[in-house]
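All remarks here apply to the structure that follows.
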Amino acid sequence: SSTSSDNTAAMYGVNQHYPDTSGAPDFKSVGSSIPAAEHSTITSHGKDKEMDAYLQILDNFPTGPVSIVMDSYDYKAAVALLCGELKDKVCERYDNAILIDADKPHMVVLRPDSGDMLENVVWTLGELYKAFGGEEKNGFKVLHPSVRIIQGDGISLETYPVLLDAIQAAGFSVTNVVVGSGGGLLPKVNRDTIRFAIKANYAVVDGEERAVQK
């Protein structure tokens, strides 16, 4: 189609602009993605098997960054689980991944979603630093490379600087946190405009019917 051709031409032009590409339309320096859990991928296991959901993710993605949403049930309890019973698993994953490819990042990225953005991020930074350690660079704490945070909910051009200020005020480097934003950077016409969204509410796992809540 003409749209497909136009997109390919545009991406080719972007690649030509960057010095680290040969100009071939592989788009590698334009963007990338990582495996990321979504609420239904956690809740389909059931509340009593929340840890099984995290273990499955860590086992299925043993190298590279992987993002795990943490507020499917109780956010702070989930973070405590990762910093406690799952800490050795996260550390083992990182150590093994480094042996496979030492030049790439291999962090488990925790994603707060609901709740107060500033409170969640600052509190989580403190919990991760206590559990996994880190180092101080330029006067700010940097987490061990096995763990990071991504904040997507509530990010906009107005709230992002506030978040960065809160992170630094808590003594942490802003490099510990990445952010993402969809509709927050666009005109506010989205699923909240008509108060409607479609969500998964049912799954069959190994022949077993399960209700999925979100």
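Identifiers in this document derive from the order of the structure tokens: chains are assigned A, B, ..., residues are numbered from 1 separately in each chain, and ligands are numbered from 1 in order of occurrence.
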
Discussion item. When DSSP is applied to the backbone of this structure, which of segment 3-172 of chain A are assigned helix (DSSP H, G or I)? Write them out as a ChimeraX atom specification.
Written reply: /A:3-17,39-43,47-60,75-83,87-100,117-132,159-169

Discussion item. I want to know what sits within 10 Å of Gln168 of chain A, based on only C-alpha atoms, with residues of the same chain fewer than 4 positions away left out; could you give that as JSON, numbers by chain?
Written reply: {"A": [122, 139, 140, 141, 163, 164, 172, 173, 174]}

Selected residues written out with N, CA, C and O atoms, as a PDB file, in the first residue's frame:
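File result00.pdb, as written:
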ATOM      1  N   VAL A 122       9.066   6.645  44.875  1.00  0.00           N
ATOM      2  CA  VAL A 122      10.070   6.925  45.907  1.00  0.00           C
ATOM      3  C   VAL A 122      10.150   5.774  46.909  1.00  0.00           C
ATOM      4  O   VAL A 122      11.246   5.339  47.289  1.00  0.00           O
ATOM      5  N   GLY A 139      26.601  11.892  43.787  1.00  0.00           N
ATOM      6  CA  GLY A 139      25.803  12.276  44.943  1.00  0.00           C
ATOM      7  C   GLY A 139      24.432  11.648  45.011  1.00  0.00           C
ATOM      8  O   GLY A 139      23.657  11.945  45.935  1.00  0.00           O
ATOM      9  N   PHE A 140      24.089  10.759  44.081  1.00  0.00           N
ATOM     10  CA  PHE A 140      22.772  10.132  44.075  1.00  0.00           C
ATOM     11  C   PHE A 140      22.909   8.609  44.036  1.00  0.00           C
ATOM     12  O   PHE A 140      23.849   8.068  43.452  1.00  0.00           O
ATOM     13  N   LYS A 141      21.951   7.922  44.648  1.00  0.00           N
ATOM     14  CA  LYS A 141      21.977   6.461  44.697  1.00  0.00           C
ATOM     15  C   LYS A 141      21.507   5.864  43.372  1.00  0.00           C
ATOM     16  O   LYS A 141      20.483   6.285  42.818  1.00  0.00           O
ATOM     17  N   LEU A 163       7.939  14.362  39.049  1.00  0.00           N
ATOM     18  CA  LEU A 163       8.445  13.051  39.424  1.00  0.00           C
ATOM     19  C   LEU A 163       9.966  13.061  39.517  1.00  0.00           C
ATOM     20  O   LEU A 163      10.544  12.535  40.478  1.00  0.00           O
ATOM     21  N   LEU A 164      10.625  13.671  38.554  1.00  0.00           N
ATOM     22  CA  LEU A 164      12.086  13.736  38.573  1.00  0.00           C
ATOM     23  C   LEU A 164      12.586  14.477  39.817  1.00  0.00           C
ATOM     24  O   LEU A 164      13.561  14.066  40.451  1.00  0.00           O
ATOM     25  N   PHE A 172      17.941   9.756  45.099  1.00  0.00           N
ATOM     26  CA  PHE A 172      18.168   8.759  44.061  1.00  0.00           C
ATOM     27  C   PHE A 172      18.413   9.413  42.702  1.00  0.00           C
ATOM     28  O   PHE A 172      17.910  10.499  42.421  1.00  0.00           O
ATOM     29  N   SER A 173      19.171   8.715  41.872  1.00  0.00           N
ATOM     30  CA  SER A 173      19.408   9.174  40.514  1.00  0.00           C
ATOM     31  C   SER A 173      18.167   8.931  39.666  1.00  0.00           C
ATOM     32  O   SER A 173      17.505   7.906  39.801  1.00  0.00           O
ATOM     33  N   VAL A 174      17.876   9.858  38.776  1.00  0.00           N
ATOM     34  CA  VAL A 174      16.719   9.693  37.896  1.00  0.00           C
ATOM     35  C   VAL A 174      16.952   8.575  36.884  1.00  0.00           C
ATOM     36  O   VAL A 174      16.007   8.125  36.224  1.00  0.00           O
TER      37      VAL A 174
END

Test item: residues at most 8 Å from segment 99-114 of chain A, only C-alpha atoms, excluding those fewer than 2 positions along its chain, as a PDB file with all heavy atoms, in the first residue's frame:
ATOM      1  N   THR A  63      16.939 -13.573  30.065  1.00  0.00           N
ATOM      2  CA  THR A  63      17.923 -12.533  29.750  1.00  0.00           C
ATOM      3  C   THR A  63      17.200 -11.284  29.265  1.00  0.00           C
ATOM      4  O   THR A  63      16.028 -11.329  28.882  1.00  0.00           O
ATOM      5  CB  THR A  63      18.905 -12.997  28.654  1.00  0.00           C
ATOM      6  OG1 THR A  63      18.174 -13.219  27.432  1.00  0.00           O
ATOM      7  CG2 THR A  63      19.619 -14.282  29.055  1.00  0.00           C
ATOM      8  N   GLY A  64      17.924 -10.177  29.285  1.00  0.00           N
ATOM      9  CA  GLY A  64      17.370  -8.916  28.804  1.00  0.00           C
ATOM     10  C   GLY A  64      16.419  -8.291  29.806  1.00  0.00           C
ATOM     11  O   GLY A  64      16.022  -8.914  30.799  1.00  0.00           O
ATOM     12  N   PRO A  65      16.012  -7.055  29.561  1.00  0.00           N
ATOM     13  CA  PRO A  65      15.043  -6.410  30.449  1.00  0.00           C
ATOM     14  C   PRO A  65      13.667  -7.058  30.334  1.00  0.00           C
ATOM     15  O   PRO A  65      13.267  -7.492  29.254  1.00  0.00           O
ATOM     16  CB  PRO A  65      15.000  -4.962  29.928  1.00  0.00           C
ATOM     17  CG  PRO A  65      16.189  -4.818  29.036  1.00  0.00           C
ATOM     18  CD  PRO A  65      16.467  -6.165  28.482  1.00  0.00           C
ATOM     19  N   VAL A  66      12.960  -7.129  31.450  1.00  0.00           N
ATOM     20  CA  VAL A  66      11.583  -7.597  31.444  1.00  0.00           C
ATOM     21  C   VAL A  66      10.795  -6.767  32.452  1.00  0.00           C
ATOM     22  O   VAL A  66      11.268  -6.503  33.555  1.00  0.00           O
ATOM     23  CB  VAL A  66      11.492  -9.106  31.778  1.00  0.00           C
ATOM     24  CG1 VAL A  66      12.069  -9.418  33.151  1.00  0.00           C
ATOM     25  CG2 VAL A  66      10.059  -9.615  31.682  1.00  0.00           C
ATOM     26  N   SER A  67       9.625  -6.313  32.054  1.00  0.00           N
ATOM     27  CA  SER A  67       8.805  -5.448  32.902  1.00  0.00           C
ATOM     28  C   SER A  67       7.669  -6.238  33.531  1.00  0.00           C
ATOM     29  O   SER A  67       6.986  -7.006  32.853  1.00  0.00           O
ATOM     30  CB  SER A  67       8.235  -4.296  32.064  1.00  0.00           C
ATOM     31  OG  SER A  67       7.289  -3.546  32.809  1.00  0.00           O
ATOM     32  N   ILE A  68       7.474  -6.049  34.846  1.00  0.00           N
ATOM     33  CA  ILE A  68       6.416  -6.758  35.563  1.00  0.00           C
ATOM     34  C   ILE A  68       5.517  -5.750  36.277  1.00  0.00           C
ATOM     35  O   ILE A  68       5.978  -4.988  37.132  1.00  0.00           O
ATOM     36  CB  ILE A  68       6.998  -7.742  36.597  1.00  0.00           C
ATOM     37  CG1 ILE A  68       7.972  -8.727  35.932  1.00  0.00           C
ATOM     38  CG2 ILE A  68       5.874  -8.496  37.291  1.00  0.00           C
ATOM     39  CD1 ILE A  68       8.598  -9.717  36.894  1.00  0.00           C
ATOM     40  N   VAL A  69       4.236  -5.750  35.931  1.00  0.00           N
ATOM     41  CA  VAL A  69       3.278  -4.908  36.630  1.00  0.00           C
ATOM     42  C   VAL A  69       3.057  -5.489  38.024  1.00  0.00           C
ATOM     43  O   VAL A  69       2.915  -6.701  38.184  1.00  0.00           O
ATOM     44  CB  VAL A  69       1.962  -4.784  35.839  1.00  0.00           C
ATOM     45  CG1 VAL A  69       1.259  -6.120  35.709  1.00  0.00           C
ATOM     46  CG2 VAL A  69       1.051  -3.741  36.454  1.00  0.00           C
ATOM     47  N   MET A  70       3.023  -4.634  39.052  1.00  0.00           N
ATOM     48  CA  MET A  70       3.068  -5.121  40.430  1.00  0.00           C
ATOM     49  C   MET A  70       1.809  -4.846  41.244  1.00  0.00           C
ATOM     50  O   MET A  70       1.737  -5.240  42.402  1.00  0.00           O
ATOM     51  CB  MET A  70       4.272  -4.488  41.154  1.00  0.00           C
ATOM     52  CG  MET A  70       5.618  -4.704  40.491  1.00  0.00           C
ATOM     53  SD  MET A  70       6.132  -6.431  40.404  1.00  0.00           S
ATOM     54  CE  MET A  70       6.417  -6.782  42.133  1.00  0.00           C
ATOM     55  N   ASP A  71       0.828  -4.176  40.681  1.00  0.00           N
ATOM     56  CA  ASP A  71      -0.318  -3.767  41.508  1.00  0.00           C
ATOM     57  C   ASP A  71      -1.598  -4.535  41.194  1.00  0.00           C
ATOM     58  O   ASP A  71      -2.697  -4.038  41.429  1.00  0.00           O
ATOM     59  CB  ASP A  71      -0.572  -2.267  41.344  1.00  0.00           C
ATOM     60  CG  ASP A  71      -1.179  -1.937  39.987  1.00  0.00           C
ATOM     61  OD1 ASP A  71      -0.851  -2.637  38.998  1.00  0.00           O
ATOM     62  OD2 ASP A  71      -1.982  -0.992  39.910  1.00  0.00           O
ATOM     63  N   TYR A  75       0.029  -3.727  45.843  1.00  0.00           N
ATOM     64  CA  TYR A  75       1.308  -3.289  45.284  1.00  0.00           C
ATOM     65  C   TYR A  75       2.466  -3.473  46.260  1.00  0.00           C
ATOM     66  O   TYR A  75       3.500  -4.066  45.916  1.00  0.00           O
ATOM     67  CB  TYR A  75       1.231  -1.830  44.842  1.00  0.00           C
ATOM     68  CG  TYR A  75       2.557  -1.306  44.338  1.00  0.00           C
ATOM     69  CD1 TYR A  75       3.058  -1.740  43.108  1.00  0.00           C
ATOM     70  CD2 TYR A  75       3.319  -0.415  45.081  1.00  0.00           C
ATOM     71  CE1 TYR A  75       4.284  -1.290  42.635  1.00  0.00           C
ATOM     72  CE2 TYR A  75       4.542   0.040  44.621  1.00  0.00           C
ATOM     73  CZ  TYR A  75       5.021  -0.404  43.390  1.00  0.00           C
ATOM     74  OH  TYR A  75       6.243   0.034  42.942  1.00  0.00           O
ATOM     75  N   VAL A  90      15.847 -13.221  41.256  1.00  0.00           N
ATOM     76  CA  VAL A  90      16.175 -12.056  40.435  1.00  0.00           C
ATOM     77  C   VAL A  90      17.691 -11.911  40.296  1.00  0.00           C
ATOM     78  O   VAL A  90      18.208 -11.658  39.195  1.00  0.00           O
ATOM     79  CB  VAL A  90      15.566 -10.777  41.038  1.00  0.00           C
ATOM     80  CG1 VAL A  90      16.050  -9.537  40.288  1.00  0.00           C
ATOM     81  CG2 VAL A  90      14.042 -10.846  41.019  1.00  0.00           C
ATOM     82  N   TYR A  94      20.052 -12.343  36.860  1.00  0.00           N
ATOM     83  CA  TYR A  94      20.998 -11.331  36.388  1.00  0.00           C
ATOM     84  C   TYR A  94      22.401 -11.916  36.215  1.00  0.00           C
ATOM     85  O   TYR A  94      23.056 -11.698  35.181  1.00  0.00           O
ATOM     86  CB  TYR A  94      21.034 -10.157  37.368  1.00  0.00           C
ATOM     87  CG  TYR A  94      22.048  -9.103  36.986  1.00  0.00           C
ATOM     88  CD1 TYR A  94      21.764  -8.166  35.994  1.00  0.00           C
ATOM     89  CD2 TYR A  94      23.300  -9.063  37.593  1.00  0.00           C
ATOM     90  CE1 TYR A  94      22.691  -7.206  35.628  1.00  0.00           C
ATOM     91  CE2 TYR A  94      24.237  -8.113  37.231  1.00  0.00           C
ATOM     92  CZ  TYR A  94      23.932  -7.190  36.247  1.00  0.00           C
ATOM     93  OH  TYR A  94      24.872  -6.247  35.873  1.00  0.00           O
ATOM     94  N   ASP A  95      22.854 -12.645  37.211  1.00  0.00           N
ATOM     95  CA  ASP A  95      24.204 -13.216  37.154  1.00  0.00           C
ATOM     96  C   ASP A  95      24.360 -14.159  35.958  1.00  0.00           C
ATOM     97  O   ASP A  95      25.394 -14.150  35.273  1.00  0.00           O
ATOM     98  CB  ASP A  95      24.517 -13.963  38.453  1.00  0.00           C
ATOM     99  CG  ASP A  95      24.655 -13.030  39.649  1.00  0.00           C
ATOM    100  OD1 ASP A  95      24.880 -11.827  39.433  1.00  0.00           O
ATOM    101  OD2 ASP A  95      24.523 -13.508  40.790  1.00  0.00           O
ATOM    102  N   ASN A  96      23.353 -14.977  35.711  1.00  0.00           N
ATOM    103  CA  ASN A  96      23.409 -15.903  34.577  1.00  0.00           C
ATOM    104  C   ASN A  96      23.352 -15.164  33.247  1.00  0.00           C
ATOM    105  O   ASN A  96      24.033 -15.534  32.283  1.00  0.00           O
ATOM    106  CB  ASN A  96      22.262 -16.915  34.655  1.00  0.00           C
ATOM    107  CG  ASN A  96      22.418 -17.894  35.801  1.00  0.00           C
ATOM    108  OD1 ASN A  96      23.531 -18.130  36.283  1.00  0.00           O
ATOM    109  ND2 ASN A  96      21.318 -18.471  36.243  1.00  0.00           N
ATOM    110  N   ALA A  97      22.521 -14.120  33.196  1.00  0.00           N
ATOM    111  CA  ALA A  97      22.372 -13.365  31.950  1.00  0.00           C
ATOM    112  C   ALA A  97      23.662 -12.641  31.576  1.00  0.00           C
ATOM    113  O   ALA A  97      24.013 -12.544  30.397  1.00  0.00           O
ATOM    114  CB  ALA A  97      21.223 -12.368  32.082  1.00  0.00           C
ATOM    115  N   ASP A 116      -0.669   6.647  44.154  1.00  0.00           N
ATOM    116  CA  ASP A 116       0.045   7.913  44.041  1.00  0.00           C
ATOM    117  C   ASP A 116       1.406   7.693  43.383  1.00  0.00           C
ATOM    118  O   ASP A 116       2.237   6.951  43.903  1.00  0.00           O
ATOM    119  CB  ASP A 116       0.221   8.533  45.431  1.00  0.00           C
ATOM    120  CG  ASP A 116       0.867   9.901  45.370  1.00  0.00           C
ATOM    121  OD1 ASP A 116       2.115   9.983  45.330  1.00  0.00           O
ATOM    122  OD2 ASP A 116       0.135  10.905  45.354  1.00  0.00           O
ATOM    123  N   MET A 117       1.625   8.319  42.265  1.00  0.00           N
ATOM    124  CA  MET A 117       2.847   8.112  41.495  1.00  0.00           C
ATOM    125  C   MET A 117       4.103   8.449  42.292  1.00  0.00           C
ATOM    126  O   MET A 117       5.055   7.661  42.338  1.00  0.00           O
ATOM    127  CB  MET A 117       2.805   8.956  40.220  1.00  0.00           C
ATOM    128  CG  MET A 117       4.088   8.933  39.399  1.00  0.00           C
ATOM    129  SD  MET A 117       3.932   9.857  37.852  1.00  0.00           S
ATOM    130  CE  MET A 117       3.666  11.531  38.474  1.00  0.00           C
ATOM    131  N   ASN A 120       4.603   5.986  45.307  1.00  0.00           N
ATOM    132  CA  ASN A 120       4.969   4.639  44.860  1.00  0.00           C
ATOM    133  C   ASN A 120       6.419   4.564  44.392  1.00  0.00           C
ATOM    134  O   ASN A 120       7.164   3.658  44.779  1.00  0.00           O
ATOM    135  CB  ASN A 120       4.051   4.196  43.713  1.00  0.00           C
ATOM    136  CG  ASN A 120       2.716   3.677  44.196  1.00  0.00           C
ATOM    137  OD1 ASN A 120       2.544   3.349  45.364  1.00  0.00           O
ATOM    138  ND2 ASN A 120       1.751   3.595  43.294  1.00  0.00           N
ATOM    139  N   VAL A 121       6.820   5.488  43.550  1.00  0.00           N
ATOM    140  CA  VAL A 121       8.160   5.426  42.975  1.00  0.00           C
ATOM    141  C   VAL A 121       9.229   5.631  44.036  1.00  0.00           C
ATOM    142  O   VAL A 121      10.200   4.864  44.118  1.00  0.00           O
ATOM    143  CB  VAL A 121       8.312   6.457  41.836  1.00  0.00           C
ATOM    144  CG1 VAL A 121       9.778   6.558  41.395  1.00  0.00           C
ATOM    145  CG2 VAL A 121       7.435   6.082  40.650  1.00  0.00           C
ATOM    146  N   PRO A 145      22.182  -3.047  38.969  1.00  0.00           N
ATOM    147  CA  PRO A 145      21.658  -3.151  37.596  1.00  0.00           C
ATOM    148  C   PRO A 145      20.658  -4.273  37.364  1.00  0.00           C
ATOM    149  O   PRO A 145      20.113  -4.390  36.263  1.00  0.00           O
ATOM    150  CB  PRO A 145      22.933  -3.357  36.757  1.00  0.00           C
ATOM    151  CG  PRO A 145      23.962  -3.840  37.708  1.00  0.00           C
ATOM    152  CD  PRO A 145      23.643  -3.193  39.020  1.00  0.00           C
ATOM    153  N   SER A 146      20.375  -5.081  38.364  1.00  0.00           N
ATOM    154  CA  SER A 146      19.386  -6.148  38.194  1.00  0.00           C
ATOM    155  C   SER A 146      17.956  -5.650  38.317  1.00  0.00           C
ATOM    156  O   SER A 146      17.015  -6.358  37.938  1.00  0.00           O
ATOM    157  CB  SER A 146      19.616  -7.258  39.224  1.00  0.00           C
ATOM    158  OG  SER A 146      19.490  -6.746  40.546  1.00  0.00           O
ATOM    159  N   VAL A 147      17.754  -4.420  38.834  1.00  0.00           N
ATOM    160  CA  VAL A 147      16.396  -3.919  39.049  1.00  0.00           C
ATOM    161  C   VAL A 147      16.270  -2.443  38.657  1.00  0.00           C
ATOM    162  O   VAL A 147      17.203  -1.658  38.831  1.00  0.00           O
ATOM    163  CB  VAL A 147      15.950  -4.082  40.523  1.00  0.00           C
ATOM    164  CG1 VAL A 147      15.630  -5.528  40.842  1.00  0.00           C
ATOM    165  CG2 VAL A 147      17.005  -3.536  41.480  1.00  0.00           C
ATOM    166  N   ARG A 148      15.099  -2.093  38.150  1.00  0.00           N
ATOM    167  CA  ARG A 148      14.758  -0.721  37.821  1.00  0.00           C
ATOM    168  C   ARG A 148      13.248  -0.532  37.977  1.00  0.00           C
ATOM    169  O   ARG A 148      12.518  -1.465  38.313  1.00  0.00           O
ATOM    170  CB  ARG A 148      15.183  -0.371  36.389  1.00  0.00           C
ATOM    171  CG  ARG A 148      16.684  -0.217  36.169  1.00  0.00           C
ATOM    172  CD  ARG A 148      17.224   1.003  36.906  1.00  0.00           C
ATOM    173  NE  ARG A 148      18.630   1.242  36.630  1.00  0.00           N
ATOM    174  CZ  ARG A 148      19.642   0.708  37.303  1.00  0.00           C
ATOM    175  NH1 ARG A 148      19.389  -0.141  38.298  1.00  0.00           N
ATOM    176  NH2 ARG A 148      20.890   1.011  37.014  1.00  0.00           N
ATOM    177  N   ILE A 149      12.758   0.668  37.695  1.00  0.00           N
ATOM    178  CA  ILE A 149      11.335   0.986  37.799  1.00  0.00           C
ATOM    179  C   ILE A 149      10.884   1.655  36.504  1.00  0.00           C
ATOM    180  O   ILE A 149      11.631   2.442  35.915  1.00  0.00           O
ATOM    181  CB  ILE A 149      11.059   1.945  38.978  1.00  0.00           C
ATOM    182  CG1 ILE A 149      11.475   1.295  40.301  1.00  0.00           C
ATOM    183  CG2 ILE A 149       9.588   2.352  39.022  1.00  0.00           C
ATOM    184  CD1 ILE A 149      11.383   2.247  41.484  1.00  0.00           C
ATOM    185  N   ILE A 150       9.661   1.348  36.085  1.00  0.00           N
ATOM    186  CA  ILE A 150       9.040   2.094  34.992  1.00  0.00           C
ATOM    187  C   ILE A 150       7.709   2.651  35.489  1.00  0.00           C
ATOM    188  O   ILE A 150       6.915   1.937  36.096  1.00  0.00           O
ATOM    189  CB  ILE A 150       8.830   1.233  33.732  1.00  0.00           C
ATOM    190  CG1 ILE A 150       8.196   2.085  32.624  1.00  0.00           C
ATOM    191  CG2 ILE A 150       8.001  -0.011  34.023  1.00  0.00           C
ATOM    192  CD1 ILE A 150       8.167   1.404  31.273  1.00  0.00           C
ATOM    193  N   GLN A 151       7.483   3.936  35.258  1.00  0.00           N
ATOM    194  CA  GLN A 151       6.218   4.568  35.631  1.00  0.00           C
ATOM    195  C   GLN A 151       5.505   4.996  34.364  1.00  0.00           C
ATOM    196  O   GLN A 151       6.037   5.773  33.571  1.00  0.00           O
ATOM    197  CB  GLN A 151       6.470   5.792  36.526  1.00  0.00           C
ATOM    198  CG  GLN A 151       5.225   6.575  36.887  1.00  0.00           C
ATOM    199  CD  GLN A 151       4.261   5.786  37.771  1.00  0.00           C
ATOM    200  OE1 GLN A 151       4.685   5.016  38.633  1.00  0.00           O
ATOM    201  NE2 GLN A 151       2.975   5.958  37.556  1.00  0.00           N
ATOM    202  N   GLY A 152       4.318   4.461  34.149  1.00  0.00           N
ATOM    203  CA  GLY A 152       3.566   4.809  32.955  1.00  0.00           C
ATOM    204  C   GLY A 152       2.304   5.584  33.275  1.00  0.00           C
ATOM    205  O   GLY A 152       1.940   6.504  32.562  1.00  0.00           O
ATOM    206  N   ASP A 153       1.637   5.222  34.368  1.00  0.00           N
ATOM    207  CA  ASP A 153       0.371   5.864  34.705  1.00  0.00           C
ATOM    208  C   ASP A 153       0.592   7.300  35.160  1.00  0.00           C
ATOM    209  O   ASP A 153       1.458   7.582  35.984  1.00  0.00           O
ATOM    210  CB  ASP A 153      -0.327   5.067  35.816  1.00  0.00           C
ATOM    211  CG  ASP A 153      -1.722   5.572  36.090  1.00  0.00           C
ATOM    212  OD1 ASP A 153      -2.534   5.567  35.156  1.00  0.00           O
ATOM    213  OD2 ASP A 153      -1.991   5.967  37.234  1.00  0.00           O
TER     214      ASP A 153
END

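DSSP annotation of segment 82-146 of chain A from backbone atoms: strand (DSSP E) residues are Val108, Val109, Leu110, Arg111, Gly134, Glu135, Glu136, Lys137, Phe140, Lys141, Val142 and Leu143 of chain A.
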
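Between atom CA of Gly134 of chain A and atom CA of Val177 of chain A lies a distance of 14.1 Å.
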
Discussion item. Just checking: using only C-alpha atoms, which residue out of A:Asp206, A:Asp165, A:Asp48, A:Glu158 ends up closest to Ser181 of chain A?
Written reply: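 The shortest atom-to-atom distance to Ser181 of chain A comes from A:Glu158.
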